[in-house]
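Okay, coords.tsv is below, TSV, C-alpha atoms:
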chain	number	residue	atom	x	y	z
A	22	MET	CA	161.74	-42.14	65.02
A	23	ALA	CA	163.98	-39.09	64.60
A	24	VAL	CA	162.73	-36.31	62.34
A	25	LEU	CA	164.77	-34.02	60.11
A	26	VAL	CA	163.77	-30.35	59.98
A	27	ARG	CA	164.97	-27.56	57.69
A	28	THR	CA	165.33	-24.08	59.17
A	29	THR	CA	165.09	-20.79	57.31
A	30	ASP	CA	168.89	-20.53	57.15
A	31	GLU	CA	168.81	-23.83	55.16
A	32	LYS	CA	170.38	-25.95	57.92
A	33	ILE	CA	169.04	-29.43	58.51
A	34	VAL	CA	168.67	-30.44	62.15
A	35	GLU	CA	167.80	-33.91	63.42
A	36	ILE	CA	165.34	-34.03	66.31
A	37	GLU	CA	165.50	-37.18	68.40
A	38	ALA	CA	162.46	-39.43	68.80
A	39	PRO	CA	161.75	-38.63	72.50
A	40	LEU	CA	161.65	-34.91	71.68
A	41	VAL	CA	159.31	-35.37	68.72
A	42	ARG	CA	156.42	-36.38	70.99
A	43	LEU	CA	156.56	-32.91	72.61
A	44	CYS	CA	156.22	-31.12	69.25
A	45	GLY	CA	152.70	-31.10	67.88
A	46	LYS	CA	153.76	-30.18	64.34
A	47	LEU	CA	156.27	-33.03	64.11
A	48	LYS	CA	153.74	-35.53	65.49
A	49	GLU	CA	151.33	-34.37	62.79
A	50	ALA	CA	154.03	-34.75	60.12
A	51	LEU	CA	154.74	-38.33	61.25
A	52	ALA	CA	151.03	-39.17	61.12
A	53	GLU	CA	150.66	-38.07	57.49
A	54	PRO	CA	150.41	-41.02	55.09
A	55	ASN	CA	152.83	-39.48	52.55
A	56	TYR	CA	155.55	-38.65	55.13
A	57	ASN	CA	159.07	-39.40	53.87
A	58	PRO	CA	161.69	-39.77	56.67
A	59	GLN	CA	164.53	-38.76	54.33
A	60	GLU	CA	162.84	-35.47	53.43
A	61	PRO	CA	163.13	-32.73	56.10
A	62	VAL	CA	160.10	-30.90	57.47
A	63	SER	CA	160.37	-27.18	56.61
A	64	LEU	CA	160.00	-24.67	59.43
A	65	GLU	CA	159.15	-21.11	58.41
A	66	ASN	CA	160.89	-18.23	60.21
A	67	VAL	CA	162.84	-20.55	62.54
A	68	ASP	CA	166.55	-19.91	62.91
A	69	SER	CA	168.84	-22.89	63.57
A	70	GLU	CA	170.45	-21.24	66.62
A	71	VAL	CA	167.08	-20.59	68.24
A	72	LEU	CA	165.99	-24.14	67.36
A	73	LYS	CA	169.07	-25.50	69.17
A	74	HIS	CA	168.08	-23.37	72.15
A	75	VAL	CA	164.53	-24.79	72.08
A	76	LEU	CA	165.93	-28.33	71.79
A	77	LYS	CA	167.77	-27.75	75.10
A	78	TRP	CA	164.41	-26.89	76.67
A	79	LEU	CA	162.82	-30.01	75.18
A	80	ARG	CA	165.64	-32.24	76.47
A	81	HIS	CA	165.10	-30.85	79.96
A	82	HIS	CA	161.33	-31.49	79.80
A	83	VAL	CA	161.38	-34.80	77.90
A	84	ASP	CA	160.56	-36.82	81.03
A	85	ASP	CA	157.71	-34.55	82.21
A	86	SER	CA	154.63	-36.73	82.19
A	87	SER	CA	152.19	-33.80	82.24
A	88	GLU	CA	153.32	-32.44	78.87
A	89	GLU	CA	150.80	-33.13	76.16
A	90	SER	CA	151.04	-30.65	73.34
A	91	GLY	CA	147.66	-29.17	72.50
A	92	SER	CA	145.67	-31.31	74.96
A	93	GLU	CA	142.11	-30.18	75.61
A	94	ASP	CA	142.23	-31.55	79.18
A	95	GLU	CA	145.22	-29.34	79.94
A	96	CYS	CA	143.26	-26.28	78.81
A	97	GLU	CA	140.42	-27.21	81.13
A	98	ASN	CA	142.81	-27.69	84.06
A	99	VAL	CA	144.38	-24.26	83.53
A	100	ALA	CA	141.15	-22.32	83.15
A	101	ARG	CA	138.47	-22.15	85.84
A	102	ARG	CA	134.90	-21.04	85.72
A	103	ILE	CA	133.83	-17.95	87.61
A	104	LYS	CA	130.27	-16.79	88.01
A	105	GLY	CA	129.63	-13.14	87.14
A	106	ARG	CA	128.17	-10.92	89.89
A	107	ARG	CA	125.57	-8.97	87.96
A	108	ASN	CA	124.42	-11.58	85.51
A	109	LYS	CA	124.55	-15.29	85.90
A	110	GLU	CA	126.71	-15.87	82.84
A	111	TYR	CA	129.94	-17.73	83.24
A	112	ARG	CA	133.25	-16.44	82.05
A	113	TRP	CA	136.67	-18.06	81.95
A	114	LYS	CA	139.54	-16.69	83.96
A	115	ARG	CA	143.08	-17.93	83.88
A	116	PRO	CA	144.92	-17.97	87.22
A	117	TYR	CA	148.45	-16.64	87.59
A	118	MET	CA	150.88	-18.89	85.76
A	119	PHE	CA	153.68	-20.40	87.83
A	120	VAL	CA	156.91	-20.61	85.83
A	121	PRO	CA	159.53	-23.05	87.22
A	122	LYS	CA	163.08	-21.85	87.99
A	123	PHE	CA	164.68	-23.64	85.04
A	124	ASP	CA	162.21	-22.10	82.61
A	125	LYS	CA	162.66	-18.61	84.06
A	126	ALA	CA	166.43	-18.93	83.72
A	127	PHE	CA	166.05	-20.39	80.22
A	128	LEU	CA	163.96	-17.41	79.10
A	129	GLN	CA	166.40	-14.82	80.51
A	130	THR	CA	167.80	-14.07	77.05
A	131	ASP	CA	168.07	-11.10	74.77
A	132	ASN	CA	164.84	-9.88	73.18
A	133	SER	CA	165.50	-11.20	69.67
A	134	THR	CA	166.18	-14.71	71.00
A	135	LEU	CA	163.08	-14.55	73.19
A	136	ILE	CA	160.89	-13.55	70.23
A	137	GLY	CA	162.56	-16.34	68.23
A	138	ILE	CA	161.67	-18.82	70.99
A	139	VAL	CA	158.03	-17.67	70.87
A	140	ASN	CA	157.99	-18.10	67.09
A	141	THR	CA	159.68	-21.53	67.20
A	142	ALA	CA	157.35	-22.76	69.95
A	143	HIS	CA	154.42	-21.58	67.84
A	144	GLN	CA	155.74	-23.26	64.68
A	145	LEU	CA	156.43	-26.57	66.45
A	146	LYS	CA	153.23	-26.34	68.55
A	147	ILE	CA	154.99	-26.66	71.91
A	148	LYS	CA	152.20	-25.31	74.09
A	149	ARG	CA	153.91	-25.01	77.47
A	150	LEU	CA	157.04	-23.31	76.08
A	151	MET	CA	154.80	-20.96	74.12
A	152	GLU	CA	152.91	-19.99	77.28
A	153	TYR	CA	156.09	-19.48	79.31
A	154	ALA	CA	157.80	-17.46	76.55
A	155	CYS	CA	154.73	-15.26	76.02
A	156	ARG	CA	154.61	-14.72	79.77
A	157	ALA	CA	158.26	-13.62	79.70
A	158	VAL	CA	157.52	-11.16	76.87
A	159	ALA	CA	154.49	-9.82	78.77
A	160	ASP	CA	156.62	-9.37	81.90
A	161	LYS	CA	159.13	-7.33	79.90
A	162	MET	CA	156.28	-5.14	78.61
A	163	LYS	CA	154.67	-4.61	82.01
A	164	ASN	CA	154.54	-0.98	83.17
A	165	LYS	CA	156.30	0.28	80.04
A	166	SER	CA	155.20	3.17	77.86
A	167	THR	CA	154.71	2.76	74.13
A	168	GLU	CA	158.04	4.43	73.44
A	169	GLU	CA	159.87	2.15	75.89
A	170	MET	CA	158.32	-0.95	74.30
A	171	ARG	CA	159.31	0.27	70.84
A	172	GLU	CA	162.87	0.73	72.06
A	173	ILE	CA	163.04	-2.64	73.87
A	174	PHE	CA	161.65	-4.68	70.97
A	175	ASN	CA	163.10	-2.49	68.19
A	176	ILE	CA	159.69	-1.63	66.70
A	177	GLN	CA	159.55	1.19	64.19
A	178	SER	CA	156.62	3.60	64.31
A	179	ASP	CA	154.26	3.55	61.32
A	180	PHE	CA	153.58	7.27	61.69
A	181	SER	CA	155.73	10.16	60.53
A	182	ASP	CA	156.63	12.73	63.19
A	183	ASP	CA	153.84	15.06	62.01
A	184	GLU	CA	151.22	12.30	62.04
A	185	GLU	CA	152.30	11.22	65.52
A	186	ASP	CA	152.03	14.79	66.84
A	187	ILE	CA	148.53	15.15	65.34
A	188	THR	CA	147.44	11.85	66.90
A	189	LEU	CA	148.81	12.79	70.32
A	190	MET	CA	147.11	16.20	70.16
A	191	SER	CA	143.74	14.62	69.30
A	192	VAL	CA	144.11	12.16	72.17
A	193	ASP	CA	144.91	15.00	74.55
A	194	ARG	CA	141.88	16.96	73.32
A	195	SER	CA	139.53	13.99	73.77
A	196	ARG	CA	140.87	13.36	77.29
A	197	THR	CA	140.36	17.03	78.17
A	198	ALA	CA	136.82	16.99	76.74
A	199	ASN	CA	135.94	13.83	78.69
A	200	TYR	CA	137.35	15.33	81.88
A	201	LYS	CA	135.35	18.54	81.42
A	202	TRP	CA	132.21	16.54	80.64
A	203	LYS	CA	132.60	14.44	83.81
A	204	CYS	CA	133.24	17.52	85.97
A	205	THR	CA	130.34	19.61	84.65
A	206	GLY	CA	127.94	16.75	84.07
A	207	SER	CA	126.90	18.16	80.70
Represent the structure from my file as structure tokens, please.
Amino acid sequence: MAVLVRTTDEKIVEIEAPLVRLCGKLKEALAEPNYNPQEPVSLENVDSEVLKHVLKWLRHHVDDSSEESGSEDECENVARRIKGRRNKEYRWKRPYMFVPKFDKAFLQTDNSTLIGIVNTAHQLKIKRLMEYACRAVADKMKNKSTEEMREIFNIQSDFSDDEEDITLMSVDRSRTANYKWKCTGS
């Protein structure tokens, strides 16, 4: 059964039945007893252009048998148990995530579209797209300074120039004090 969704720019988009099974939120909407097929499901902070982009991804992955949105078994397959050296407690560690070529190419977009994809995947509960998109954002942030990340993602600083200078000076002082303490041992 196709599902109608309403985006934040008030456009109504129809999502085909095979794609609905990949979207956790839409599956939940269909399962509700008071669901009305003529009434669209509202998506908060989802732009229609980004949604069309995500629908392309869904169409490409519609035949993937391993895709189960929000599956507990999938979480267990991704994570592995590792025994700690000092104590015998177990902790969970996630191995490096392999991102297929299509998905890498799909996520090679401008930053605002990439953030929109993350938000849309979160809203629709598309787990694998969410993981891949977050990985792409993390890769863009890797080895960048705070200023570079602010510039890349267009993030405004909460501090005024004076407050930022004071904060940087206090950080420098604490680093210097820690360095002196380690060198002198006192």
Which residues, protein or nucleic acid, reach to within 10 Å of (154.5, -32.4, 61.4) in the file's coordinates when using all atoms listed in the file, and can you give that as a list in words? Val24, Val26, Val41, Cys44, Gly45, Lys46, Leu47, Lys48, Glu49, Ala50, Leu51, Ala52, Glu53, Tyr56, Val62, Ser63, Leu64, Gln144, Leu145 and Lys146 of chain A
Can you spit out the residues from that selection as a tab-separated table (two decimals), in the coordinates of the input, using C-alpha atoms?
chain	number	residue	atom	x	y	z
A	24	VAL	CA	162.73	-36.31	62.34
A	26	VAL	CA	163.77	-30.35	59.98
A	41	VAL	CA	159.31	-35.37	68.72
A	44	CYS	CA	156.22	-31.12	69.25
A	45	GLY	CA	152.70	-31.10	67.88
A	46	LYS	CA	153.76	-30.18	64.34
A	47	LEU	CA	156.27	-33.03	64.11
A	48	LYS	CA	153.74	-35.53	65.49
A	49	GLU	CA	151.33	-34.37	62.79
A	50	ALA	CA	154.03	-34.75	60.12
A	51	LEU	CA	154.74	-38.33	61.25
A	52	ALA	CA	151.03	-39.17	61.12
A	53	GLU	CA	150.66	-38.07	57.49
A	56	TYR	CA	155.55	-38.65	55.13
A	62	VAL	CA	160.10	-30.90	57.47
A	63	SER	CA	160.37	-27.18	56.61
A	64	LEU	CA	160.00	-24.67	59.43
A	144	GLN	CA	155.74	-23.26	64.68
A	145	LEU	CA	156.43	-26.57	66.45
A	146	LYS	CA	153.23	-26.34	68.55
Contacts of Glu35 of chain A at 12 Å (all atoms listed in the file; same-chain gap of 2+ positions) as a list in words: Met22, Ala23, Val24, Leu25, Val26, Arg27, Thr28, Lys32, Ile33, Glu37, Ala38, Pro39, Leu40, Val41, Leu47, Pro58, Gln59, Glu60, Pro61, Val62, Ser69, Leu72, Lys73 and Leu76 of chain A
Could you list, as a list in words, every residue within 9 Å of Val158 of chain A, counting only C-alpha atoms and ignoring same-chain residues fewer than 2 positions away?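 The neighbour list is Asn132, Leu135, Ile136, Val139, Tyr153, Ala154, Cys155, Arg156, Asp160, Lys161, Met162 and Lys163 of chain A.
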Could you jot down the atom CA of Asp186 of chain A to atom CA of Ser166 of chain A separation for me, Å, one decimal place? 16.3 Å
From atom CA of Ser181 of chain A to atom CA of Ala159 of chain A the spacing works out at 27.1 Å
